[in-house]
Structure formats: C-alpha cells, structure tokens
file structure02.cif (mmCIF, C-alpha atoms)
data_final
loop_
_atom_site.label_atom_id
_atom_site.label_comp_id
_atom_site.auth_asym_id
_atom_site.auth_seq_id
_atom_site.Cartn_x
_atom_site.Cartn_y
_atom_site.Cartn_z
CA MET A 28 12.65 72.42 163.61
CA SER A 29 10.79 71.69 160.43
CA TYR A 30 7.52 71.07 162.29
CA LEU A 31 7.74 74.16 164.47
CA PRO A 32 5.21 76.32 162.51
CA TYR A 33 2.59 73.55 162.74
CA ALA A 34 3.25 73.21 166.46
CA VAL A 35 2.81 76.97 166.84
CA ALA A 36 -0.57 76.71 165.07
CA ALA A 37 -1.66 73.88 167.39
CA TRP A 38 -0.50 75.86 170.43
CA ILE A 39 -2.43 78.99 169.38
CA CYS A 40 -5.54 76.84 168.86
CA LEU A 41 -5.29 75.21 172.32
CA VAL A 42 -4.55 78.48 174.12
CA GLY A 43 -7.55 80.09 172.42
CA ILE A 44 -9.87 77.25 173.43
CA ALA A 45 -8.59 77.41 177.02
CA GLY A 46 -9.33 81.13 176.99
CA ILE A 47 -12.87 80.57 175.71
CA ALA A 48 -13.62 77.93 178.34
CA THR A 49 -12.31 79.99 181.27
CA SER A 50 -13.63 83.35 180.07
CA ARG A 51 -15.67 85.52 182.44
CA ASN A 52 -16.44 88.21 179.90
CA LEU A 53 -18.16 87.88 176.52
CA ILE A 54 -15.87 90.40 174.84
CA HIS A 55 -12.82 88.55 176.15
CA LEU A 56 -14.46 85.37 174.87
CA ALA A 57 -14.87 86.87 171.39
CA ILE A 58 -11.19 87.81 171.33
CA CYS A 59 -10.22 84.29 172.43
CA LEU A 60 -12.29 82.93 169.56
CA THR A 61 -10.32 85.16 167.17
CA VAL A 62 -7.09 83.80 168.67
CA THR A 63 -8.33 80.24 168.09
CA GLN A 64 -9.26 81.10 164.54
CA SER A 65 -5.90 82.70 163.83
CA SER A 66 -4.29 79.31 164.42
CA SER A 67 -5.87 78.30 161.12
CA TYR A 68 -4.12 81.18 159.33
CA VAL A 69 -0.75 80.01 160.67
CA LEU A 70 -1.51 76.41 159.72
CA LEU A 71 -2.72 77.29 156.18
CA LEU A 72 0.25 79.52 155.44
CA SER A 73 2.77 76.99 156.81
CA VAL A 74 1.24 74.16 154.79
CA GLY A 75 1.69 76.17 151.58
CA TYR A 76 5.28 77.18 152.23
CA VAL A 77 7.84 76.04 149.66
CA LYS A 78 11.46 76.01 150.78
CA HIS A 79 13.21 79.18 149.51
CA GLY A 80 9.96 80.08 147.75
CA LYS A 81 9.05 83.69 147.07
CA ALA A 82 5.65 85.35 147.32
CA PRO A 83 3.47 84.25 144.37
CA ILE A 84 3.78 87.60 142.63
CA PHE A 85 5.43 87.55 139.25
CA LEU A 86 6.15 91.22 138.63
CA GLY A 87 9.75 91.35 137.53
CA THR A 88 10.18 87.72 138.55
CA LYS A 89 10.58 85.00 135.97
CA LEU A 90 7.78 82.49 135.66
CA GLY A 91 8.84 79.21 137.23
CA THR A 92 10.74 80.78 140.12
CA PRO A 93 9.86 78.73 143.21
CA ALA A 94 6.94 80.44 144.93
CA VAL A 95 4.66 79.53 147.80
CA ASP A 96 1.14 78.16 147.27
CA PRO A 97 -1.31 80.96 146.35
CA VAL A 98 -4.37 78.79 147.10
CA VAL A 99 -3.79 78.70 150.85
CA GLN A 100 -3.13 82.43 150.84
CA ALA A 101 -6.48 83.05 149.15
CA LEU A 102 -8.10 80.69 151.67
CA THR A 103 -6.50 82.59 154.55
CA LEU A 104 -8.09 85.72 153.13
CA THR A 105 -11.50 84.04 153.22
CA ASP A 106 -10.76 82.84 156.72
CA ILE A 107 -10.06 86.37 157.93
CA VAL A 108 -13.25 87.72 156.34
CA VAL A 109 -15.31 85.01 158.02
CA SER A 110 -13.58 85.75 161.32
CA VAL A 111 -14.50 89.44 161.03
CA ALA A 112 -18.12 88.56 160.24
CA VAL A 113 -18.34 86.19 163.20
CA ILE A 114 -16.75 88.58 165.68
CA ALA A 115 -19.09 91.38 164.60
CA LEU A 116 -22.10 89.18 165.26
CA ILE A 117 -20.75 87.98 168.62
CA LEU A 118 -20.04 91.52 169.77
CA ALA A 119 -23.53 92.59 168.73
CA LEU A 120 -24.98 89.66 170.69
CA ALA A 121 -22.79 90.53 173.69
CA LEU A 122 -24.12 94.09 173.65
CA ASP A 123 -27.66 92.75 173.43
CA ALA A 124 -27.04 90.35 176.32
CA HIS A 125 -25.72 93.22 178.37
CA ARG A 126 -28.76 95.32 177.57
CA LEU A 127 -31.19 92.56 178.53
CA SER A 128 -29.48 91.20 181.64
CA GLY A 129 -26.94 93.78 182.72
CA THR A 130 -24.02 91.34 182.66
CA ILE A 131 -21.53 90.00 180.14
CA ASP A 132 -20.22 87.15 182.28
CA PRO A 133 -21.29 83.94 180.49
CA ASP A 134 -21.75 82.13 183.84
CA ASP A 135 -24.13 84.77 185.18
CA LEU A 136 -26.03 84.75 181.89
CA ALA A 137 -26.64 81.02 182.35
CA ASP A 138 -28.05 81.70 185.82
CA ILE A 139 -30.50 84.25 184.50
CA SER A 140 -31.94 82.11 181.73
CA GLY A 141 -32.05 79.03 183.99
CA MET B 6 -22.72 72.98 183.68
CA SER B 7 -21.08 74.76 186.60
CA ARG B 8 -17.83 76.59 186.18
CA ARG B 9 -15.95 74.09 188.34
CA VAL B 10 -17.07 71.08 186.27
CA ARG B 11 -16.20 72.92 183.07
CA LEU B 12 -12.69 73.71 184.25
CA LEU B 13 -12.21 70.12 185.42
CA LEU B 14 -13.22 68.85 181.98
CA LEU B 15 -11.07 71.41 180.20
CA GLY B 16 -7.71 69.88 181.21
CA PRO B 17 -8.27 66.35 179.84
CA ALA B 18 -10.08 67.76 176.79
CA LEU B 19 -7.17 70.03 175.88
CA LEU B 20 -4.69 67.20 176.44
CA GLY B 21 -6.74 64.95 174.16
CA LEU B 22 -7.09 67.59 171.45
CA GLY B 23 -3.39 68.40 171.74
CA ALA B 24 -2.52 64.75 171.25
CA LEU B 25 -4.77 64.52 168.21
CA LEU B 26 -3.23 67.68 166.73
CA ALA B 27 0.28 66.30 167.34
CA TRP B 28 -0.73 63.10 165.59
CA ALA B 29 -2.12 65.06 162.64
CA ILE B 30 0.98 67.23 162.40
CA ALA B 31 3.23 64.16 162.42
CA GLY B 32 1.46 63.07 159.24
CA LEU B 33 2.07 66.34 157.40
CA PRO B 34 5.02 66.84 155.06
CA ALA B 35 7.77 68.81 156.82
CA PHE B 36 7.58 72.62 156.75
CA GLY B 37 8.73 73.89 153.34
CA ASP B 38 8.29 70.48 151.72
CA TYR B 39 5.14 71.49 149.84
CA ARG B 40 3.99 68.86 147.36
CA GLY B 41 1.27 70.63 145.42
CA PRO B 42 0.05 70.29 142.80
CA TYR B 43 -2.37 73.25 142.81
CA GLY B 44 0.09 75.86 144.03
CA PHE B 45 2.67 74.89 141.41
CA VAL B 46 0.09 74.78 138.63
CA LEU B 47 -1.45 78.15 139.50
CA ASN B 48 1.93 79.83 139.83
CA ARG B 49 2.67 78.64 136.29
CA ILE B 50 -0.62 79.38 134.55
CA VAL B 51 -2.37 82.35 136.21
CA ALA B 52 0.09 85.04 135.15
CA PRO B 53 0.25 83.95 131.47
CA LEU B 54 -3.47 83.17 131.17
CA ARG B 55 -4.95 86.10 133.09
CA HIS B 56 -2.15 88.69 132.90
CA THR B 57 -2.35 89.33 136.66
CA THR B 58 1.08 89.37 138.23
CA ASN B 59 -0.33 88.81 141.74
CA VAL B 60 -1.30 85.15 141.53
CA VAL B 61 -3.16 85.28 144.87
CA MET B 62 -5.63 87.83 143.49
CA GLY B 63 -5.80 86.02 140.17
CA THR B 64 -6.79 82.95 142.15
CA THR B 65 -9.23 84.83 144.36
CA PHE B 66 -11.11 86.68 141.62
CA ASP B 67 -10.81 84.30 138.70
CA VAL B 68 -9.88 80.71 139.48
CA ARG B 69 -12.11 80.63 142.54
CA GLY B 70 -14.24 83.65 141.68
CA ILE B 71 -17.50 82.03 142.74
CA ASP B 72 -16.10 81.24 146.19
CA THR B 73 -15.12 84.86 146.58
CA MET B 74 -18.66 85.87 145.70
CA GLY B 75 -19.86 83.64 148.53
CA GLU B 76 -17.27 85.21 150.80
CA GLU B 77 -18.58 88.66 149.98
CA PHE B 78 -22.07 87.55 150.88
CA ILE B 79 -20.84 86.13 154.19
CA LEU B 80 -19.71 89.63 155.07
CA TYR B 81 -22.98 91.03 153.76
CA ALA B 82 -24.97 88.58 155.89
CA ALA B 83 -22.95 89.61 158.96
CA VAL B 84 -23.76 93.26 158.34
CA VAL B 85 -27.44 92.45 157.92
CA GLY B 86 -27.34 90.34 161.10
CA VAL B 87 -25.71 93.06 163.18
CA THR B 88 -28.14 95.61 161.78
CA LEU B 89 -31.14 93.47 162.67
CA LEU B 90 -29.79 92.84 166.17
CA LEU B 91 -28.89 96.42 166.95
CA ARG B 92 -31.19 98.67 164.98
CA ASP B 93 -33.71 99.44 167.67
CA GLU B 94 -35.35 102.82 167.24
CA THR B 95 -36.78 103.29 170.74
CA ARG B 96 -33.53 102.60 172.49
CA SER B 97 -31.40 104.74 170.18
CA ARG B 98 -33.34 107.88 171.01
CA GLN B 99 -32.82 107.43 174.73
CA ALA B 100 -29.04 107.19 174.44
CA GLU B 101 -27.21 110.14 175.80
CA ARG B 102 -25.68 112.39 173.22
CA ARG B 103 -22.08 113.18 173.83
CA THR B 104 -19.85 115.52 171.95
CA ARG B 105 -16.39 114.16 171.99
CA ARG B 106 -13.24 115.84 170.89
CA PHE B 107 -9.72 115.05 171.92
CA GLY B 108 -8.22 117.92 173.88
CA ASN B 109 -4.69 116.94 173.04
CA ASP B 110 -3.59 118.69 169.83
CA THR B 111 -0.65 116.34 169.23
CA VAL B 112 -2.94 113.32 169.26
CA ARG B 113 -5.31 115.07 166.89
CA LEU B 114 -2.55 116.14 164.51
CA VAL B 115 -0.90 112.71 164.37
CA GLY B 116 -4.32 111.09 164.10
CA VAL B 117 -5.41 113.24 161.17
CA GLY B 118 -2.13 112.42 159.43
CA MET B 119 -2.83 108.74 159.97
CA VAL B 120 -6.33 109.12 158.50
CA GLY B 121 -4.83 110.49 155.28
CA GLY B 122 -1.98 108.02 155.22
CA GLY B 123 -4.20 105.04 155.97
CA LEU B 124 -6.71 106.02 153.32
CA LEU B 125 -3.91 106.38 150.77
CA ILE B 126 -2.45 102.98 151.64
CA GLY B 127 -5.93 101.43 151.46
CA LEU B 128 -6.63 102.92 148.04
CA TRP B 129 -3.20 101.87 146.77
CA LEU B 130 -3.75 98.29 147.94
CA MET B 131 -7.15 98.26 146.19
CA ALA B 132 -5.95 99.82 142.94
CA PHE B 133 -2.79 97.72 142.52
CA GLY B 134 -4.05 94.61 144.27
CA TYR B 135 -3.84 92.37 141.23
CA ILE B 136 -0.34 93.57 140.31
CA THR B 137 1.54 93.84 143.61
CA PRO B 138 0.59 92.46 147.06
CA GLY B 139 -2.83 93.72 148.07
CA GLY B 140 -6.39 93.47 146.85
CA GLY B 141 -9.89 94.76 147.42
CA PHE B 142 -10.46 92.96 150.71
CA GLN B 143 -7.22 94.07 152.31
CA GLY B 144 -7.40 97.61 150.97
CA GLY B 145 -11.05 97.89 151.99
CA VAL B 146 -10.35 96.98 155.60
CA ILE B 147 -7.46 99.46 155.82
CA ALA B 148 -9.44 102.29 154.19
CA ALA B 149 -12.37 101.66 156.54
CA GLY B 150 -9.97 101.58 159.49
CA ALA B 151 -8.57 104.96 158.45
CA ILE B 152 -12.08 106.43 158.20
CA VAL B 153 -13.03 105.08 161.64
CA LEU B 154 -9.87 106.74 162.98
CA LEU B 155 -11.46 110.01 161.92
CA TYR B 156 -14.16 109.33 164.50
CA LEU B 157 -11.54 108.84 167.19
CA VAL B 158 -9.49 111.96 166.51
CA GLY B 159 -12.18 114.24 165.13
CA SER B 160 -15.58 115.22 166.44
CA HIS B 161 -18.61 113.09 165.69
CA ARG B 162 -19.72 115.78 163.25
CA ASP B 163 -16.66 115.18 161.07
CA TYR B 164 -17.60 111.54 160.99
CA ARG B 165 -21.29 112.05 160.22
CA PRO B 166 -21.22 111.36 156.45
CA PHE B 167 -19.51 108.01 157.04
CA ARG B 168 -22.30 106.63 159.19
CA ASP B 169 -25.31 107.77 157.21
CA GLU B 170 -27.15 104.65 156.08
CA ARG B 171 -28.91 106.43 153.24
CA PHE B 172 -25.47 106.87 151.74
CA LEU B 173 -23.86 103.59 152.88
CA ASP B 174 -26.67 101.14 152.09
CA PRO B 175 -26.76 101.81 148.32
CA LEU B 176 -22.96 101.70 148.15
CA GLU B 177 -22.94 98.30 149.87
CA GLY B 178 -25.51 97.15 147.34
CA ILE B 179 -23.35 98.37 144.46
CA GLY B 180 -20.33 96.56 145.85
CA ALA B 181 -22.01 93.22 146.55
CA GLY B 182 -24.35 93.39 143.56
CA GLY B 183 -21.64 94.59 141.15
CA TYR B 184 -19.78 91.34 141.62
CA VAL B 185 -22.87 89.34 140.69
CA VAL B 186 -23.58 91.62 137.71
CA VAL B 187 -20.11 90.93 136.27
CA GLY B 188 -20.85 87.22 136.62
CA LEU B 189 -24.27 87.57 135.01
CA ALA B 190 -22.81 89.64 132.14
CA ALA B 191 -20.68 86.64 131.24
CA LEU B 192 -23.76 84.44 131.43
CA ALA B 193 -25.68 86.82 129.15
CA SER B 194 -22.92 86.71 126.56
CA GLY B 195 -23.30 82.93 126.39
CA ALA B 196 -20.24 82.03 128.45
CA ALA B 197 -20.20 80.43 131.91
CA PHE B 198 -20.90 82.48 135.05
CA LEU B 199 -17.99 84.81 135.90
CA THR B 200 -16.04 83.96 132.74
CA ASN B 201 -13.31 86.54 132.27
CA LEU B 202 -14.73 88.58 129.40
CA PHE B 203 -12.81 91.80 129.10
CA GLY B 204 -9.50 92.29 127.30
CA LEU B 205 -6.59 90.95 129.30
CA GLY B 206 -4.27 93.95 128.81
CA THR B 207 -0.55 94.07 129.58
CA PRO B 208 0.73 92.20 132.65
CA GLY B 209 1.95 94.60 135.33
CA MET B 210 -0.21 97.50 134.11
CA LEU B 211 -3.43 98.75 135.75
CA ARG B 212 -5.31 97.69 132.64
CA SER B 213 -4.68 94.00 132.98
CA GLY B 214 -6.53 90.93 134.15
CA GLY B 215 -9.80 91.45 132.26
CA SER B 216 -12.72 91.39 134.69
CA ILE B 217 -10.43 90.89 137.70
CA PRO B 218 -10.02 94.67 138.32
CA VAL B 219 -13.80 95.15 138.15
CA LEU B 220 -14.42 92.35 140.65
CA ASN B 221 -11.57 93.70 142.77
CA TRP B 222 -13.16 97.17 142.96
CA ALA B 223 -16.59 95.71 143.63
CA SER B 224 -15.23 93.80 146.63
CA ALA B 225 -13.20 96.82 147.73
CA ILE B 226 -16.38 98.91 147.90
CA ALA B 227 -18.38 96.11 149.53
CA VAL B 228 -15.73 95.50 152.21
CA THR B 229 -15.08 99.18 152.99
CA VAL B 230 -18.79 99.96 153.30
CA ALA B 231 -19.51 96.76 155.25
CA MET B 232 -16.92 97.77 157.85
CA LEU B 233 -18.31 101.30 158.03
CA LEU B 234 -21.86 99.97 158.37
CA LEU B 235 -20.85 97.64 161.20
CA PHE B 236 -19.17 100.50 163.01
CA ALA B 237 -22.11 102.82 162.32
CA GLU B 238 -24.54 100.34 163.86
CA PHE B 239 -22.50 99.95 167.05
CA LEU B 240 -22.05 103.71 167.24
CA GLU B 241 -25.71 104.44 166.62
CA THR B 242 -26.99 102.07 169.27
CA TYR B 243 -24.51 102.49 172.06
CA VAL B 244 -22.60 105.73 171.76
CA VAL B 245 -23.98 108.65 169.77
CA PRO B 246 -27.23 108.29 167.87
CA LEU B 247 -27.48 110.22 164.63
CA GLU B 248 -30.16 112.77 165.43
CA PRO B 249 -32.99 113.37 162.97
CA GLU B 250 -31.90 116.96 162.28
CA ASP B 251 -28.37 115.69 161.61
CA ALA B 252 -29.65 113.16 159.15
CA ALA B 253 -31.78 115.77 157.40
CA SER B 254 -29.00 118.33 156.94
#

call {"tool": "encode", "arguments": {"input": "structure02.cif", "output": "structure tokens"}}
result
Amino acid sequence: MSYLPYAVAAWICLVGIAGIATSRNLIHLAICLTVTQSSSYVLLLSVGYVKHGKAPIFLGTKLGTPAVDPVVQALTLTDIVVSVAVIALILALALDAHRLSGTIDPDDLADISG
Amino acid sequence: MSRRVRLLLLGPALLGLGALLAWAIAGLPAFGDYRGPYGFVLNRIVAPLRHTTNVVMGTTFDVRGIDTMGEEFILYAAVVGVTLLLRDETRSRQAERRTRRFGNDTVRLVGVGMVGGGLLIGLWLMAFGYITPGGGFQGGVIAAGAIVLLYLVGSHRDYRPFRDERFLDPLEGIGAGGYVVVGLAALASGAAFLTNLFGLGTPGMLRSGGSIPVLNWASAIAVTVAMLLLFAEFLETYVVPLEPEDAAS
C-alpha cells in the first residue's frame, strides 16, 4: 500500500488528460485541466510525507519532532496559484471564443477557423 | 485532426503515459520514507532563525522569498491578461442590466452569515499565517470568496464597491509593489534583496518573523484584490456592467 498515494496522483493525471481530449465544452475542458493539475498537488504532498510526521508547525511542539517536508507544501501553494491564474485566462478566452463564434465546443471552433 | 482520430490516439497515448508514470513511481522511495535533506534542515532551522512557528510560511516568505515574489507576479500577469481580453467598452454598454436579488430569505440569511464568517476566517488565516496553519495566499482566496458570496446573496448594489477598479487597481498595486519595496529596502540598507531586516520578535506572537508578516500582508492584499479584479472583469463584461452613474456616485 505504500505506493498508493503516488498511484492516485497518476490516476488523477490520466483521468484529467482523458477528459481534456474528449471534451466538447471549453469550460469542461478548463475544469479537466484543473483536475490534471491537482494530480501534481497529490504527488508533491505524498513525496514530502514522513512516516508519523506532523505538520511542519512548531507552536507548542518541540523542535526536532518528525514533521513533513515544508518545501513541497510551499511548492503546492505556488502550484495552486498558477492553476488559478491559468484557469482565469482560459475562461476569459472561452468567453471570447463564444462571443466571436457562438460556440464553446473545441471541435466546432476548429471548423470555423479552418 | 478529427475527433475520431483524436479518440483513437488517446487510448494508446494514455496507456503509454500510464506505463511511464508507473515506471517513475516504482523508482520513488515508498510513501512516508522521505529522505530529505531540505525538509529536515528547514524544520530544524527556520523556527530558531526566523522565529516563525509555521515553517511553511517561513519557507515561502523568507527561504524562497524571491520565488514567492515571482508567484505573486504570475497572478498579477493573469489579472492583467484577463483584463486585456475582456475589457471591451463597446460591448459592455450593450449588455443587459439585470437587478438580481434572491427571493428566498433563508438563503439570503445563511448567505450573509457565511459572508461574515468567511471574511473572518480569511482575515484570521492572513493575520496568523506565519504562526499557525494559514498565510496570505490562503487567507486572501477565502476572503475574496466571502466577498464574492455577497454578490450571490445580495443585490449587485451591495457588491458595487468591490468591483470598482478605481478602488481595486491601486490596492493591487500596493499588494504586489509592497512585496518588492520590502525587498528593495533590504537592498538600500546594504544587505541582499529581501534580507530579513526587522526585529525577529518572540516566536508564536504576532510580532515575530521580522519582514515575514509584512510580506505576508502584501501578498494577502495582492491575492484578495486579484481575485476580486478577476471576478469584476467577468461580471462587467458578461453579466452586469457598472453604469457610469454608479461609478460616479
């Protein structure tokens, strides 16, 4: 079972990609992209886990108590911020695409430009 | 590429990627068998050296403070991008103006309670972020979420001050620029960029961590306002434009 969290991360990543590839709606596609990206949060946090480790917060906890890696937690924070930035831009582009072509199905959009 | 071809390619591609991921995972140390060294080192040194009891925030705003500055500007760039894409004067004026107000009093009452509660939780996460779990980024998102909830349960008039760019734009500048100013202040004093200059205070108290609280509040403001600006742009373009007389009042 000790590899289960990594497998979960891989699964979330694959499911998200499948969703992106089969999507018929740009907003659905943006959400699938967020799902794919959240696999990296799971992976980062699982990589930094220390067995029986506590959260890396030393208020009332003695220094040297086993605690999980704070670096990957800080990186996950960055990851989430980037994800928010990207999804905002994609949604804005989806709205623009809808305004210009009247559709948010990626396949129909390809027809229009081609 | 037609949809059929894409779906046909998807199966083998996912299988291949899955196999590669499985191979990569097999090479990782087992879950819980973390080998460090950075996590172990930081957990030992950040609290004594920076007097922040939350090592994650000590790492975010001090050890990798420059990265966090970049992160703040990623968010800033996203807001600028959305604004440039959506801010289209001619179209905004044509949009139909709707007054919206939930008829259901229970929803409104619970919603208003959640606005207050959410704002309080957001502010608490910001203020104590470097002591207990939390921080400017997390608190900022929650506070902005609570304010946006006001739009859902209240009328658009209640929400008006939170979408006024004349008020939001300078605040965003203060948040994003404040971070850089703290870094430049260190440079001006002859130390390296973003060196922790201020007194470190007592661990576990609000006055601790030196410049970490300042950077924390700068990001809290930047994140809250960035979220509000994003929402304001979507709202302005596609739902209810802020009318000129509204903006003037």

call {"tool": "resolve_selection", "arguments": {"input": "structure02.cif", "expression": "the PyMOL selection byres ((chain B) within 7 of (chain A))", "output": "list of chain:residue names"}}
result
B:Leu12, B:Leu19, B:Leu26, B:Ile30, B:Ala35, B:Phe36, B:Gly37, B:Asp38, B:Tyr39, B:Gly44, B:Phe45, B:Asn48, B:Arg49, B:Thr58, B:Asn59, B:Val60, B:Val61, B:Thr64, B:Thr65, B:Glu76, B:Ile79, B:Leu80, B:Ala83, B:Gly86, B:Val87, B:Leu90, B:Leu91, B:Thr137, B:Gly209

call {"tool": "closest_residue", "arguments": {"input": "structure02.cif", "among": "B:Val115, B:Leu25, B:Leu192, B:Val230", "to": "Ala148 of chain B", "atoms": "all atoms listed in the file"}}
result
B:Val230

call {"tool": "resolve_selection", "arguments": {"input": "structure02.cif", "expression": "the PyMOL selection byres ((chain B and resi 130) around 12)", "output": "PyMOL selection string"}}
result
chain B and resi 59+62+123-129+131-148+221-222+225

call {"tool": "atom_distance", "arguments": {"input": "structure02.cif", "atom1": "atom CA of Val84 of chain B", "atom2": "atom CA of Ala227 of chain B"}}
result
10.7 Å

call {"tool": "closest_residue", "arguments": {"input": "structure02.cif", "among": "B:Leu220, B:Ala52, B:Leu157, B:Val117", "to": "Lys89 of chain A", "atoms": "all atoms listed in the file"}}
result
B:Ala52

call {"tool": "resolve_selection", "arguments": {"input": "structure02.cif", "expression": "the PyMOL selection byres ((chain B and resi 178-183) around 6)", "output": "list in words"}}
result
Pro175, Leu176, Glu177, Tyr184, Val185, Val186, Ala223, Ser224, Ile226 and Ala227 of chain B

call {"tool": "write_last_selection", "arguments": {"input": "structure02.cif", "atoms": "C-alpha atoms", "output": "mmCIF file, in the frame of the given file"}}
result
data_model
loop_
_atom_site.group_PDB
_atom_site.id
_atom_site.type_symbol
_atom_site.label_atom_id
_atom_site.label_comp_id
_atom_site.auth_asym_id
_atom_site.auth_seq_id
_atom_site.Cartn_x
_atom_site.Cartn_y
_atom_site.Cartn_z
ATOM 1 C CA PRO B 175 -26.760 101.810 148.320
ATOM 2 C CA LEU B 176 -22.960 101.700 148.150
ATOM 3 C CA GLU B 177 -22.940 98.300 149.870
ATOM 4 C CA TYR B 184 -19.780 91.340 141.620
ATOM 5 C CA VAL B 185 -22.870 89.340 140.690
ATOM 6 C CA VAL B 186 -23.580 91.620 137.710
ATOM 7 C CA ALA B 223 -16.590 95.710 143.630
ATOM 8 C CA SER B 224 -15.230 93.800 146.630
ATOM 9 C CA ILE B 226 -16.380 98.910 147.900
ATOM 10 C CA ALA B 227 -18.380 96.110 149.530
#

call {"tool": "atom_distance", "arguments": {"input": "structure02.cif", "atom1": "atom CA of Asp174 of chain B", "atom2": "atom CA of Val85 of chain B"}}
result
10.5 Å

call {"tool": "residues_around", "arguments": {"input": "structure02.cif", "residues": "Cys59 of chain A", "least_positions_apart": "6", "cutoff": "7 Å", "atoms": "all atoms listed in the file", "output": "ChimeraX atom specification"}}
result
/A:43,46-47

call {"tool": "atom_distance", "arguments": {"input": "structure02.cif", "atom1": "atom CA of Thr130 of chain A", "atom2": "atom CA of Asn52 of chain A"}}
result
8.7 Å

call {"tool": "closest_residue", "arguments": {"input": "structure02.cif", "among": "B:Gly214, B:Gly122, B:Gly159, B:Gly21", "to": "Asp110 of chain B", "atoms": "only C-alpha atoms"}}
result
B:Gly159

call {"tool": "decode", "arguments": {"input": "structure02.cif", "residues": "segment 116-128 of chain A", "atoms": "N, CA and C atoms", "output": "compact mmCIF listing (two decimals), in the first residue's frame"}}
result
# COMPACT_ATOMS: atom_id res chain seq x y z
N LEU A 116 -7.40 32.74 -17.18
CA LEU A 116 -7.11 33.11 -18.56
C LEU A 116 -7.90 32.23 -19.53
N ILE A 117 -7.97 30.91 -19.24
CA ILE A 117 -8.69 30.02 -20.15
C ILE A 117 -10.17 30.37 -20.19
N LEU A 118 -10.74 30.68 -19.02
CA LEU A 118 -12.17 31.01 -19.00
C LEU A 118 -12.41 32.31 -19.77
N ALA A 119 -11.48 33.27 -19.62
CA ALA A 119 -11.63 34.52 -20.37
C ALA A 119 -11.57 34.24 -21.87
N LEU A 120 -10.65 33.37 -22.28
CA LEU A 120 -10.53 33.02 -23.70
C LEU A 120 -11.78 32.28 -24.17
N ALA A 121 -12.34 31.41 -23.30
CA ALA A 121 -13.54 30.68 -23.68
C ALA A 121 -14.69 31.65 -23.92
N LEU A 122 -14.81 32.64 -23.04
CA LEU A 122 -15.87 33.64 -23.22
C LEU A 122 -15.68 34.41 -24.51
N ASP A 123 -14.42 34.73 -24.81
CA ASP A 123 -14.12 35.46 -26.04
C ASP A 123 -14.45 34.61 -27.25
N ALA A 124 -14.10 33.31 -27.18
CA ALA A 124 -14.38 32.41 -28.30
C ALA A 124 -15.89 32.33 -28.53
N HIS A 125 -16.62 32.28 -27.42
CA HIS A 125 -18.07 32.21 -27.54
C HIS A 125 -18.63 33.49 -28.17
N ARG A 126 -18.05 34.60 -27.81
CA ARG A 126 -18.53 35.88 -28.34
C ARG A 126 -18.25 35.96 -29.85
N LEU A 127 -17.09 35.46 -30.26
CA LEU A 127 -16.71 35.60 -31.67
C LEU A 127 -17.37 34.56 -32.56
N SER A 128 -17.60 33.34 -32.03
CA SER A 128 -18.07 32.28 -32.91
C SER A 128 -19.38 31.67 -32.46
